[in-house]
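S.K.: Here you go, input-v5.cif (mmCIF, C-alpha atoms):
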data_input
loop_
_atom_site.label_atom_id
_atom_site.label_comp_id
_atom_site.auth_asym_id
_atom_site.auth_seq_id
_atom_site.Cartn_x
_atom_site.Cartn_y
_atom_site.Cartn_z
CA MET A 1 23.64 -10.95 -7.91
CA ARG A 2 20.74 -11.12 -5.49
CA TYR A 3 20.66 -7.40 -4.70
CA ARG A 4 21.80 -6.02 -8.06
CA LEU A 5 18.54 -4.48 -9.25
CA PHE A 6 17.52 -3.51 -5.75
CA GLN A 7 20.79 -1.65 -5.25
CA GLN A 8 20.31 0.14 -8.56
CA LEU A 9 16.83 1.23 -7.51
CA CYS A 10 18.15 2.24 -4.08
CA ALA A 11 20.80 4.35 -5.78
CA SER A 12 18.08 5.97 -7.88
CA ALA A 13 16.01 6.53 -4.75
CA THR A 14 19.03 8.01 -2.98
CA CYS A 15 19.14 10.73 -5.61
CA ALA A 16 15.37 11.04 -5.79
CA PHE A 17 14.52 10.85 -2.11
CA GLY A 18 17.57 12.54 -0.66
CA VAL A 19 18.14 9.71 1.84
CA SER A 20 21.06 7.32 2.09
CA ILE A 21 20.76 3.67 1.11
CA GLY A 22 19.47 1.55 4.00
CA VAL A 23 17.79 4.40 5.91
CA LEU A 24 14.05 4.84 6.10
CA ALA A 25 12.41 8.24 5.96
CA GLY A 26 11.00 7.40 9.40
CA GLY A 27 14.47 7.22 10.89
CA GLY A 28 14.73 3.47 11.47
CA TYR A 29 17.40 1.36 9.80
CA VAL A 30 16.29 -1.13 7.15
CA HIS A 31 17.62 -4.63 7.67
CA ALA A 32 18.03 -7.00 4.73
CA ASP A 33 14.99 -9.06 5.72
CA ASP A 34 12.74 -6.21 6.91
CA TRP A 35 9.65 -5.20 4.96
CA SER A 36 8.53 -2.42 7.24
CA GLU A 37 5.65 -0.73 5.40
CA PHE A 38 3.21 -0.93 2.52
CA ARG A 39 5.16 -1.81 -0.67
CA GLY A 40 8.38 -2.52 1.20
CA PRO A 41 11.55 -0.73 2.33
CA MET A 42 11.79 1.47 -0.77
CA GLN A 43 8.00 2.10 -0.79
CA ASN A 44 7.75 1.04 -4.44
CA GLY A 45 6.97 -2.68 -4.56
CA VAL A 46 10.54 -3.74 -5.37
CA SER A 47 11.92 -6.82 -3.62
CA PRO A 48 15.51 -6.82 -2.32
CA SER A 49 15.64 -10.49 -3.32
CA GLU A 50 15.86 -11.65 -6.94
CA SER A 51 15.45 -15.29 -5.88
CA LEU A 52 11.78 -15.48 -4.92
CA PRO A 53 9.86 -18.69 -5.69
CA VAL A 54 8.14 -18.70 -9.06
CA SER A 55 5.62 -21.50 -8.47
CA TRP A 56 3.45 -22.44 -5.51
CA SER A 57 0.08 -23.90 -4.53
CA GLU A 58 -1.73 -24.88 -1.35
CA THR A 59 0.77 -27.74 -0.99
CA GLU A 60 3.77 -26.77 -3.16
CA ASN A 61 6.61 -24.67 -1.72
CA VAL A 62 4.65 -23.86 1.45
CA ARG A 63 6.98 -23.48 4.44
CA TRP A 64 4.02 -22.93 6.74
CA PHE A 65 0.39 -21.82 6.78
CA THR A 66 -1.33 -20.14 9.71
CA LYS A 67 -5.11 -20.01 9.76
CA LEU A 68 -6.56 -16.68 10.89
CA SER A 69 -9.70 -15.98 12.89
CA GLY A 70 -10.31 -12.44 11.67
CA LEU A 71 -10.51 -10.64 8.34
CA GLY A 72 -8.30 -7.86 7.02
CA TRP A 73 -6.69 -6.71 3.80
CA SER A 74 -3.76 -4.90 5.37
CA SER A 75 -0.50 -6.21 3.95
CA PRO A 76 1.93 -7.98 6.30
CA ILE A 77 5.08 -6.17 7.39
CA ILE A 78 8.30 -7.80 8.60
CA VAL A 79 10.39 -6.60 11.54
CA GLY A 80 13.27 -8.92 12.40
CA GLU A 81 11.84 -12.41 12.82
CA ARG A 82 8.27 -11.21 13.30
CA ILE A 83 5.34 -10.61 10.94
CA TYR A 84 2.76 -7.94 11.84
CA PHE A 85 -0.62 -7.11 10.33
CA THR A 86 -4.01 -5.81 11.45
CA SER A 87 -7.23 -7.78 11.58
CA ALA A 88 -10.92 -7.28 12.38
CA THR A 89 -13.14 -9.86 14.03
CA ASN A 90 -16.90 -9.64 14.24
CA ALA A 91 -17.55 -9.76 17.98
CA ALA A 92 -20.69 -11.83 17.45
CA ARG A 93 -18.88 -14.60 15.54
CA GLU A 94 -17.17 -17.50 17.22
CA SER A 95 -14.96 -18.31 14.23
CA GLY A 96 -13.19 -16.31 11.57
CA ALA A 97 -14.22 -15.07 8.17
CA SER A 98 -16.20 -17.46 6.02
CA LYS A 99 -15.22 -18.23 2.46
CA ASP A 100 -18.03 -16.02 1.16
CA VAL A 101 -18.05 -12.86 3.25
CA SER A 102 -21.53 -11.39 3.63
CA ALA A 103 -22.77 -7.99 4.74
CA ALA A 104 -23.54 -9.58 8.13
CA ASP A 105 -19.86 -10.45 8.62
CA LEU A 106 -18.86 -6.83 8.06
CA ALA A 107 -21.66 -5.31 10.16
CA GLY A 108 -21.93 -4.92 13.91
CA ARG A 109 -19.27 -4.54 16.58
CA GLN A 110 -15.74 -5.32 15.37
CA LEU A 111 -12.62 -6.04 17.38
CA LEU A 112 -9.73 -4.27 15.62
CA SER A 113 -6.43 -5.96 16.43
CA LEU A 114 -2.70 -6.09 15.77
CA VAL A 115 -1.54 -9.65 15.10
CA CYS A 116 2.04 -10.89 15.32
CA LEU A 117 3.42 -14.17 13.93
CA ASN A 118 6.80 -15.85 14.20
CA ALA A 119 8.30 -15.46 10.72
CA LYS A 120 10.19 -18.77 10.94
CA THR A 121 7.37 -21.00 12.17
CA GLY A 122 4.12 -19.08 11.55
CA GLU A 123 3.19 -19.51 15.20
CA GLU A 124 1.01 -16.70 16.56
CA ILE A 125 2.96 -14.67 19.13
CA PHE A 126 0.06 -12.42 20.05
CA SER A 127 -3.19 -10.87 18.88
CA LYS A 128 -4.05 -7.71 20.80
CA ILE A 129 -7.18 -5.60 20.45
CA VAL A 130 -6.33 -1.99 19.62
CA PHE A 131 -9.86 -0.58 19.24
CA GLU A 132 -13.42 -1.81 19.53
CA GLN A 133 -15.58 -0.58 16.68
CA PRO A 134 -19.13 0.13 17.91
CA THR A 135 -22.24 -1.59 16.59
CA ASP A 136 -23.46 1.63 14.95
CA ALA A 137 -20.32 2.11 12.85
CA PRO A 138 -20.88 3.02 9.16
CA THR A 139 -21.16 0.12 6.72
CA ILE A 140 -18.34 -0.68 4.31
CA HIS A 141 -18.02 -2.08 0.79
CA LEU A 142 -18.21 -5.87 0.51
CA LYS A 143 -14.75 -5.91 -1.12
CA ASN A 144 -13.26 -3.98 1.78
CA SER A 145 -12.41 -4.95 5.36
CA HIS A 146 -12.35 -3.09 8.67
CA ALA A 147 -8.57 -3.57 8.76
CA SER A 148 -7.26 -2.56 5.32
CA PRO A 149 -4.48 0.00 6.01
CA THR A 150 -1.02 -1.58 6.35
CA PRO A 151 0.99 -0.80 9.53
CA VAL A 152 4.35 0.95 9.39
CA ALA A 153 7.29 0.13 11.69
CA SER A 154 10.28 2.18 12.83
CA GLN A 155 12.65 2.22 15.81
CA GLY A 156 10.87 -0.45 17.81
CA LYS A 157 7.36 0.89 17.25
CA ILE A 158 4.41 -0.29 15.15
CA PHE A 159 1.97 2.37 13.93
CA VAL A 160 -1.51 1.15 13.00
CA HIS A 161 -4.34 3.06 11.36
CA PHE A 162 -8.00 2.08 11.10
CA GLY A 163 -9.23 5.07 9.14
CA HIS A 164 -12.17 6.81 10.81
CA GLN A 165 -11.86 4.45 13.81
CA GLY A 166 -8.51 5.84 14.90
CA THR A 167 -4.72 5.55 14.88
CA ALA A 168 -2.38 4.05 17.47
CA CYS A 169 1.27 3.36 18.25
CA LEU A 170 2.33 0.08 19.87
CA ASP A 171 5.65 -1.44 20.85
CA LEU A 172 6.88 -4.65 19.21
CA ASP A 173 5.08 -6.73 21.86
CA GLY A 174 1.73 -5.07 21.15
CA ASN A 175 1.62 -2.76 24.17
CA LYS A 176 -0.13 0.50 23.36
CA VAL A 177 2.03 3.63 23.56
CA TRP A 178 -0.62 6.10 22.45
CA GLU A 179 -3.89 6.34 20.56
CA ASN A 180 -5.69 9.12 18.70
CA ARG A 181 -9.41 8.79 17.93
CA ASP A 182 -10.08 12.50 17.41
CA HIS A 183 -10.41 12.28 13.62
CA ALA A 184 -13.66 10.36 13.20
CA PHE A 185 -14.42 11.59 9.69
CA PRO A 186 -17.50 10.22 7.86
CA PRO A 187 -16.19 7.32 5.75
CA THR A 188 -17.47 6.00 2.45
CA HIS A 189 -16.92 2.25 1.87
CA GLY A 190 -14.63 2.02 4.97
CA ASN A 191 -10.89 2.58 5.42
CA GLY A 192 -7.96 1.97 3.10
CA GLY A 193 -5.02 4.39 2.97
CA SER A 194 -1.93 3.31 4.96
CA PRO A 195 0.10 5.60 7.25
CA ILE A 196 3.64 6.70 6.44
CA LEU A 197 6.46 8.14 8.55
CA CYS A 198 8.24 11.40 7.74
CA GLY A 199 10.90 11.86 10.42
CA ASP A 200 8.99 12.48 13.66
CA ARG A 201 5.64 12.78 11.90
CA LEU A 202 3.08 10.10 11.10
CA ILE A 203 1.08 11.07 8.00
CA VAL A 204 -2.40 9.74 7.17
CA THR A 205 -5.09 10.72 4.70
CA CYS A 206 -8.63 11.39 5.92
CA ASP A 207 -10.56 11.46 2.66
CA GLY A 208 -14.06 10.70 3.85
CA GLY A 209 -17.50 11.80 2.75
CA ASP A 210 -17.01 15.41 3.79
CA ALA A 211 -14.14 17.96 4.01
CA PRO A 212 -11.24 15.60 3.13
CA TYR A 213 -7.76 16.38 4.46
CA THR A 214 -4.24 15.10 5.10
CA LEU A 215 -3.15 14.81 8.73
CA ALA A 216 0.21 14.77 10.52
CA LEU A 217 0.51 13.34 14.04
CA ASP A 218 3.49 13.50 16.38
CA ALA A 219 4.97 9.99 16.14
CA ALA A 220 6.03 10.13 19.80
CA THR A 221 2.73 11.29 21.31
CA GLY A 222 -0.01 10.96 18.70
CA LYS A 223 -0.95 14.63 19.02
CA GLU A 224 -2.00 16.56 15.92
CA ILE A 225 0.75 18.68 14.35
CA TRP A 226 -1.02 19.89 11.23
CA LYS A 227 -4.09 19.28 9.10
CA THR A 228 -4.34 20.36 5.44
CA LEU A 229 -7.68 20.44 3.64
CA ARG A 230 -7.97 19.39 0.01
CA ASN A 231 -9.75 22.66 -0.91
CA VAL A 232 -11.08 21.38 -4.22
CA ASP A 233 -14.64 21.09 -5.53
CA VAL A 234 -15.66 17.45 -5.88
CA GLU A 235 -18.98 15.61 -5.76
CA ARG A 236 -17.45 12.43 -4.33
CA PRO A 237 -14.61 13.44 -1.98
CA PHE A 238 -13.79 9.95 -0.64
CA SER A 239 -10.43 8.34 -1.48
CA PHE A 240 -8.09 5.73 0.05
CA CYS A 241 -4.57 6.67 -0.98
CA THR A 242 -1.27 6.07 0.82
CA PRO A 243 0.98 9.16 0.59
CA GLN A 244 4.58 9.08 -0.61
CA LEU A 245 7.59 11.00 0.77
CA ILE A 246 10.06 12.32 -1.81
CA SER A 247 12.83 14.91 -1.88
CA VAL A 248 13.24 17.36 -4.76
CA ASN A 249 16.28 19.62 -4.88
CA GLY A 250 16.82 18.98 -1.18
CA VAL A 251 13.22 19.82 -0.19
CA GLU A 252 11.03 17.04 1.22
CA GLN A 253 7.52 16.68 -0.18
CA VAL A 254 4.61 14.55 1.06
CA ILE A 255 2.76 13.52 -2.09
CA SER A 256 -0.89 13.07 -1.14
CA PRO A 257 -3.42 12.22 -3.88
CA GLY A 258 -7.15 12.50 -3.24
CA SER A 259 -10.33 13.04 -5.21
CA ASN A 260 -9.76 15.55 -8.04
CA ILE A 261 -6.34 16.66 -6.76
CA VAL A 262 -2.83 15.58 -5.82
CA GLN A 263 -1.04 17.86 -3.35
CA ALA A 264 2.63 18.11 -2.48
CA LEU A 265 2.80 19.14 1.17
CA SER A 266 5.60 20.27 3.43
CA PRO A 267 6.04 17.59 6.13
CA LYS A 268 7.05 20.36 8.53
CA ASP A 269 3.85 22.40 8.54
CA GLY A 270 1.49 20.91 5.93
CA SER A 271 1.72 23.89 3.59
CA VAL A 272 0.90 23.17 -0.06
CA LEU A 273 4.04 23.29 -2.21
CA TRP A 274 2.28 22.48 -5.48
CA SER A 275 -0.85 20.74 -6.72
CA VAL A 276 -2.28 19.18 -9.88
CA ARG A 277 -6.01 18.95 -10.59
CA TYR A 278 -7.70 16.06 -12.42
CA ASP A 279 -11.06 14.35 -12.70
CA GLY A 280 -11.15 11.30 -10.42
CA PHE A 281 -12.40 9.98 -7.08
CA SER A 282 -11.86 6.95 -4.83
CA VAL A 283 -8.13 7.17 -5.53
CA VAL A 284 -6.26 4.13 -4.15
CA PRO A 285 -2.89 3.48 -5.91
CA ARG A 286 0.17 4.79 -4.08
CA PRO A 287 2.28 7.23 -6.14
CA VAL A 288 5.73 6.22 -7.38
CA PHE A 289 8.73 8.55 -7.82
CA TYR A 290 11.25 7.27 -10.39
CA ARG A 291 14.08 8.98 -12.25
CA GLY A 292 12.84 12.44 -11.28
CA THR A 293 9.22 11.92 -12.36
CA LEU A 294 6.20 11.36 -10.14
CA PHE A 295 3.57 8.89 -11.38
CA VAL A 296 0.00 9.30 -10.07
CA CYS A 297 -3.17 7.34 -10.91
CA THR A 298 -6.36 9.38 -10.81
CA GLY A 299 -8.86 6.78 -9.55
CA PHE A 300 -12.40 6.25 -10.80
CA SER A 301 -14.36 8.36 -13.30
CA SER A 302 -11.76 9.54 -15.84
CA THR A 303 -9.01 7.01 -15.02
CA LYS A 304 -5.56 8.20 -16.11
CA LEU A 305 -1.88 7.85 -15.27
CA LEU A 306 -0.17 11.23 -14.88
CA ALA A 307 3.58 11.81 -15.20
CA ILE A 308 4.35 14.92 -13.16
CA ASP A 309 7.49 17.04 -12.86
CA PRO A 310 7.53 17.78 -9.08
CA THR A 311 9.70 20.91 -9.26
CA GLY A 312 6.89 23.46 -9.59
CA SER A 313 5.09 25.78 -7.20
CA GLY A 314 1.38 26.48 -6.81
CA ASP A 315 -1.18 25.02 -9.21
CA VAL A 316 0.99 23.36 -11.88
CA THR A 317 -1.77 21.48 -13.73
CA ASP A 318 -1.10 23.30 -16.98
CA THR A 319 2.69 23.47 -16.74
CA HIS A 320 4.19 20.39 -15.05
CA VAL A 321 2.19 17.39 -16.28
CA LYS A 322 4.65 15.79 -18.70
CA TRP A 323 2.19 13.33 -20.20
CA THR A 324 -1.10 11.54 -19.55
CA TYR A 325 -1.86 7.92 -20.41
CA GLY A 326 -4.69 5.44 -20.52
CA THR A 327 -8.23 4.58 -19.57
CA SER A 328 -9.93 2.45 -16.90
CA THR A 329 -9.10 -0.71 -18.88
CA SER A 330 -5.34 -0.05 -18.83
CA VAL A 331 -4.71 2.11 -15.74
CA PRO A 332 -5.26 0.55 -12.28
CA GLN A 333 -7.91 1.99 -9.98
CA THR A 334 -6.75 -0.10 -7.01
CA PRO A 335 -3.27 -1.69 -7.51
CA SER A 336 -0.23 0.57 -7.34
CA VAL A 337 2.25 0.72 -10.23
CA VAL A 338 5.87 -0.44 -10.41
CA CYS A 339 8.87 0.76 -12.43
CA PHE A 340 11.32 -1.42 -14.35
CA GLU A 341 14.22 -0.05 -16.41
CA ASN A 342 12.74 2.46 -18.87
CA GLN A 343 9.11 1.63 -18.25
CA ILE A 344 6.32 1.90 -15.74
CA VAL A 345 4.29 -1.30 -15.47
CA LEU A 346 0.56 -1.22 -14.79
CA ALA A 347 -1.72 -4.05 -13.68
CA ALA A 348 -5.30 -2.83 -14.09
CA ASP A 349 -8.16 -4.06 -11.92
CA GLY A 350 -9.79 -5.89 -14.84
CA GLY A 351 -6.75 -8.00 -15.74
CA ILE A 352 -4.80 -6.00 -18.33
CA ALA A 353 -1.05 -5.53 -17.77
CA THR A 354 0.72 -2.76 -19.68
CA GLY A 355 4.22 -1.36 -20.03
CA VAL A 356 4.53 2.40 -20.67
CA ASP A 357 7.69 4.33 -21.57
CA ILE A 358 8.55 6.61 -18.65
CA GLU A 359 9.79 9.46 -20.84
CA SER A 360 7.11 9.65 -23.52
CA GLY A 361 4.06 7.88 -22.10
CA LYS A 362 3.99 5.63 -25.17
CA GLU A 363 2.54 2.16 -24.66
CA LEU A 364 5.26 -0.46 -25.14
CA TRP A 365 3.27 -3.66 -24.66
CA ARG A 366 -0.04 -5.01 -23.40
CA GLU A 367 -0.86 -8.44 -21.94
CA ARG A 368 -4.25 -9.86 -21.00
CA LEU A 369 -4.04 -11.65 -17.63
CA GLY A 370 -7.66 -12.50 -16.95
CA GLY A 371 -9.32 -12.18 -13.54
CA ASN A 372 -9.63 -9.19 -11.23
CA TYR A 373 -6.88 -7.48 -9.24
CA SER A 374 -6.66 -5.33 -6.09
CA ALA A 375 -3.25 -6.19 -4.60
CA SER A 376 -0.24 -4.17 -5.79
CA PRO A 377 2.30 -6.03 -7.96
CA LEU A 378 5.80 -6.95 -6.78
CA LEU A 379 9.01 -6.71 -8.82
CA SER A 380 11.84 -9.19 -8.17
CA GLY A 381 14.69 -8.77 -10.62
CA ASN A 382 12.98 -8.91 -14.01
CA ARG A 383 10.02 -10.90 -12.71
CA LEU A 384 6.69 -9.25 -11.93
CA TYR A 385 4.33 -10.93 -9.45
CA ILE A 386 0.67 -9.99 -9.90
CA GLN A 387 -1.79 -11.32 -7.31
CA GLY A 388 -5.44 -11.80 -8.30
CA GLU A 389 -8.48 -11.42 -6.06
CA SER A 390 -9.59 -15.03 -6.64
CA GLY A 391 -6.32 -16.47 -5.30
CA ASP A 392 -4.63 -16.90 -8.69
CA ALA A 393 -1.25 -15.20 -9.22
CA ILE A 394 0.56 -14.50 -12.48
CA VAL A 395 4.36 -14.23 -12.79
CA LEU A 396 5.61 -12.29 -15.82
CA GLU A 397 9.20 -12.16 -17.04
CA LEU A 398 9.88 -8.60 -18.22
CA GLY A 399 12.25 -7.47 -20.96
CA GLY A 400 10.94 -6.81 -24.46
CA LYS A 401 7.58 -8.50 -24.79
CA PRO A 402 6.75 -10.00 -21.38
CA LYS A 403 6.52 -13.76 -20.99
CA LYS A 404 4.05 -15.45 -18.65
CA ILE A 405 6.18 -18.01 -16.80
CA ALA A 406 3.79 -19.18 -14.05
CA LYS A 407 0.23 -19.17 -12.81
CA ASN A 408 -0.26 -20.17 -9.17
CA SER A 409 -3.39 -20.70 -7.09
CA LEU A 410 -4.29 -20.51 -3.41
CA PRO A 411 -7.79 -21.00 -1.95
CA GLY A 412 -9.85 -18.00 -0.89
CA ARG A 413 -9.81 -14.37 -1.88
CA ILE A 414 -6.60 -12.30 -1.74
CA PHE A 415 -6.59 -8.50 -1.66
CA ALA A 416 -3.48 -7.91 0.46
CA SER A 417 -0.17 -7.12 -1.27
CA TYR A 418 2.89 -9.33 -0.81
CA ALA A 419 5.64 -8.99 1.77
CA VAL A 420 9.14 -10.44 1.41
CA VAL A 421 11.33 -12.08 4.05
CA GLY A 422 14.69 -13.35 2.83
CA ASN A 423 13.99 -15.21 -0.42
CA ASP A 424 10.41 -16.04 0.56
CA LEU A 425 6.99 -14.53 -0.10
CA ILE A 426 4.48 -13.80 2.65
CA ILE A 427 0.96 -14.04 1.21
CA ARG A 428 -2.15 -13.17 3.19
CA SER A 429 -5.47 -14.64 2.09
CA GLU A 430 -8.86 -14.32 3.74
CA GLN A 431 -8.24 -17.73 5.34
CA GLY A 432 -4.70 -17.28 6.62
CA VAL A 433 -1.06 -16.42 6.01
CA TYR A 434 1.37 -18.44 3.86
CA ARG A 435 5.13 -18.37 3.80
CA ILE A 436 6.13 -19.50 0.32
CA GLY A 437 9.74 -20.57 -0.25
CA GLN A 438 11.77 -22.91 -2.41
CA PRO A 439 13.57 -25.94 -0.92
#
The structure in this file should be written as C-alpha cells.
M.R.:
Amino acid sequence: MRYRLFQQLCASATCAFGVSIGVLAGGGYVHADDWSEFRGPMQNGVSPSESLPVSWSETENVRWFTKLSGLGWSSPIIVGERIYFTSATNAARESGASKDVSAADLAGRQLLSLVCLNAKTGEEIFSKIVFEQPTDAPTIHLKNSHASPTPVASQGKIFVHFGHQGTACLDLDGNKVWENRDHAFPPTHGNGGSPILCGDRLIVTCDGGDAPYTLALDAATGKEIWKTLRNVDVERPFSFCTPQLISVNGVEQVISPGSNIVQALSPKDGSVLWSVRYDGFSVVPRPVFYRGTLFVCTGFSSTKLLAIDPTGSGDVTDTHVKWTYGTSTSVPQTPSVVCFENQIVLAADGGIATGVDIESGKELWRERLGGNYSASPLLSGNRLYIQGESGDAIVLELGGKPKKIAKNSLPGRIFASYAVVGNDLIIRSEQGVYRIGQP
C-alpha cells in the first residue's frame, strides 16, 4: 500500500516524539500532500508516497519546469496547492543566476525573497522581498547561497530564516506578519540551518564566528523568548545545523548540534537537559531520532556518526553514547541521514553510500555512487533517492545488498533537498524548479 512504510514510521515517531499521527510539533495539521518543512512532515526525509517516479531527465516525466531569476538552496515546501521557497537575487543583475556562479554573483546587495508557485501548473503566484541585504554584508562560500535555510509552515503562516540577516513570519500570500533582525551574529560562509517549530516557539541556531547559541522566538510576535549559549571551547564555532524536536519519557527535547557539542534543550526555557561533546565543526546534517536512539553527525575535522541514548542528564559523553561509526569518507558532512528497517543509511559528500546497523553500529554494506553530494536523501518505500550536486541523481533499491536501479540527470547544480507532492517529486536546481511525475 502507498502509505504502508510511512504509517509504520509515523507509528514509530508517535512513540518517539510523543505526538499523534498527522499532527506537527508546530500545531498545524499535516495533509497528505503537504511537505511543510525541511525533510518533510516527519522531519526525517521519508516520503508518504511509495509511488514516486524512478526515472526522469530534462524532458522525461517533467510535468512542468519554472525558470527562476534568483539563487537559493533552500528546499521547497508544500502547503495545499502551493510551493514555497526562499531566493536571493543580486540587485545589480538583470537576470538570474548564471550556470557558473562566481564570487561577483554572491557579493553586493541581495534581495532576499519568499517565492510561491502553483503546485499544479508551476506558475509563479508571487515573489515578495522579505529583506534587503546590504552591500557590505559578509562574503559567503561559493557552494552556499544567501537563501539556504528552508522555510517552515504551520497554521496559515510561513516562517523564513536568512541566518544573520534575520527571521520573519509571513501569511500564505506573502504579507509580512513580523520580522526580527536583532540577531546579526558574525557568520562564516553564510547561512544554512533551517528553523523549526516547537508549539508556540520558533527555534533557530545562530552558530556564527563568535559566541554561538540556539534561539527561541515567539511564533506569534517574533520576540525573543530564550537564548542558550553553546558554552564549549572550540576554535571554529561556526555550524549550520537544523535542530530536531523529540519527546523522551513524555519530556520534549530540542536537539541542537553545533561545533564540538550537541545539546538537548527544554523548548520551554532553553535549559540544557543533557549534552554530548565531540570533535567537529561546521555541522550541517539534521539529527534523526529512530527507535529510541538519536543519530548525530559531527561535521568536519573528526567526522563521526554518534548513536546517543537521549535519556540522560548533564554531560553524558562518557555514559550515553551507544556507539560511534565512520570517517569523513563514509559519514556525511552535509547531507542528513535516513533510517530504513534495522539500518541507518548514509550518503557521504564524496559519493559513498553506507548502511549501518542501528543497534550495533556495524557496517552492513557500502556502495560507491560517484560524484559529490550536499542534498539530503529521500526514502520512498524501499527506494532511496540521492541527489548529486552536478544534477545527477541515483536511485537505490534497499534490502540486503542495495541495487542501483536508476541514474537521472538534470542540467545545472542541485544542492536543495527534494520535496514531495502527491506521487511527484519537486526538484529545485540553480536554474529553476521541476515537478517530476509519471504519466
S.K.: If you apply the PyMOL selection byres ((chain A and resi 64) around 6) to this file, what residues do you get, as a tab-separated table (two decimals) with C-alpha atoms, in the frame of the given file?
M.R.:
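Ended up saving to result02.tsv:
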chain	number	residue	atom	x	y	z
A	62	VAL	CA	4.65	-23.86	1.45
A	63	ARG	CA	6.98	-23.48	4.44
A	65	PHE	CA	0.39	-21.82	6.78
A	434	TYR	CA	1.37	-18.44	3.86
A	435	ARG	CA	5.13	-18.37	3.80
S.K.: Which residue is closest to Val152 in chain A? Choose from A:Ala184, A:Ala416, A:Leu364, A:Val79 and count only C-alpha atoms.
M.R.: A:Val79
S.K.: Show which residues sit within 9 Å of Thr188 in chain A, as a PyMOL selection string. Count only C-alpha atoms, and ignore same-chain residues fewer than 3 positions away.
M.R.: chain A and resi 138-141+191+207-209+238-239
S.K.: Expand the PyMOL selection byres ((chain A and resi 160) around 12) into the individual residues it matches in the shown file, reporting them as an MDAnalysis selection string.
M.R.: chainID A and resid 37:38 74:77 84:87 112:115 129:131 147:154 157:159 161:163 165:172 174 176:180 192:197 202:204 219 222
S.K.: Of the residues A:Gln438, A:Asn44, A:Thr311, A:Asn372, which is the one nearest to Gln244 in chain A, using only C-alpha atoms?
M.R.: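 Going through A:Gln438, A:Asn44, A:Thr311, A:Asn372 one by one, the smallest distance to Gln244 in chain A is for A:Asn44.
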S.K.: Restricting the calculation to only C-alpha atoms: of A:Gly351, A:Phe340, A:Leu245, A:Val284, which residue gets closest to Met42 in chain A?
M.R.: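 Checking each of A:Gly351, A:Phe340, A:Leu245, A:Val284 against Met42 in chain A, counting only C-alpha atoms, the winner is A:Leu245.
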S.K.: Taking (-0.3, -6.7, -20.0) in the file's coordinates as the center, which residues reach within 12 Å of it, counting only C-alpha atoms, put as JSON, numbers by chain?
M.R.: {"A": [329, 330, 331, 332, 344, 345, 346, 347, 348, 349, 350, 351, 352, 353, 354, 355, 356, 363, 364, 365, 366, 367, 368, 369, 370, 384, 386, 394, 395, 396, 397, 398, 401, 402, 403, 404]}
S.K.: What would the file look like if the residues just selected were written as a CSV table (one decimal), keeping the file's coordinate frame with C-alpha atoms?
M.R.:
chain,number,residue,atom,x,y,z
A,329,THR,CA,-9.1,-0.7,-18.9
A,330,SER,CA,-5.3,0.0,-18.8
A,331,VAL,CA,-4.7,2.1,-15.7
A,332,PRO,CA,-5.3,0.6,-12.3
A,344,ILE,CA,6.3,1.9,-15.7
A,345,VAL,CA,4.3,-1.3,-15.5
A,346,LEU,CA,0.6,-1.2,-14.8
A,347,ALA,CA,-1.7,-4.0,-13.7
A,348,ALA,CA,-5.3,-2.8,-14.1
A,349,ASP,CA,-8.2,-4.1,-11.9
A,350,GLY,CA,-9.8,-5.9,-14.8
A,351,GLY,CA,-6.8,-8.0,-15.7
A,352,ILE,CA,-4.8,-6.0,-18.3
A,353,ALA,CA,-1.0,-5.5,-17.8
A,354,THR,CA,0.7,-2.8,-19.7
A,355,GLY,CA,4.2,-1.4,-20.0
A,356,VAL,CA,4.5,2.4,-20.7
A,363,GLU,CA,2.5,2.2,-24.7
A,364,LEU,CA,5.3,-0.5,-25.1
A,365,TRP,CA,3.3,-3.7,-24.7
A,366,ARG,CA,0.0,-5.0,-23.4
A,367,GLU,CA,-0.9,-8.4,-21.9
A,368,ARG,CA,-4.2,-9.9,-21.0
A,369,LEU,CA,-4.0,-11.6,-17.6
A,370,GLY,CA,-7.7,-12.5,-17.0
A,384,LEU,CA,6.7,-9.2,-11.9
A,386,ILE,CA,0.7,-10.0,-9.9
A,394,ILE,CA,0.6,-14.5,-12.5
A,395,VAL,CA,4.4,-14.2,-12.8
A,396,LEU,CA,5.6,-12.3,-15.8
A,397,GLU,CA,9.2,-12.2,-17.0
A,398,LEU,CA,9.9,-8.6,-18.2
A,401,LYS,CA,7.6,-8.5,-24.8
A,402,PRO,CA,6.8,-10.0,-21.4
A,403,LYS,CA,6.5,-13.8,-21.0
A,404,LYS,CA,4.0,-15.4,-18.6
S.K.: Which one of A:Pro285, A:Trp226, A:Ser247, A:Ser302 sits closest to Ser271 in chain A if you count all atoms listed in the file?
M.R.: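 Distance minimum relative to Ser271 in chain A lands on A:Trp226.
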S.K.: Quick check, in Å to one decimal: how far apart do CA of Gly270 in chain A and CA of Pro310 in chain A lie?
M.R.: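 That distance, rounded to one decimal, is 16.5 Å.
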S.K.: Go through A:Gly412, A:Gly199, A:Pro377, A:Gly400 one by one, measure the shortest atom-to-atom distance of each to Ser47 in chain A using only C-alpha atoms, and give the residue with the smallest value.
M.R.: A:Pro377
S.K.: Which value, in Å to one decimal, gives the distance between CA of Trp56 in chain A and CA of Cys339 in chain A?
M.R.: 24.8 Å
S.K.: For Pro267 in chain A, please output as an MDAnalysis selection string all residues within 8 Å (counting all atoms listed in the file; exclusion window: fewer than 2 positions along the same chain).
M.R.: chainID A and resid 198 201 216 252:254 265 269:270
S.K.: Do a neighbour search on Asp424 in chain A at 7 Å with all atoms listed in the file, toss out local chain neighbours closer than 5 positions, and write the hits as a ChimeraX atom specification.
M.R.: /A:52-53,435-437
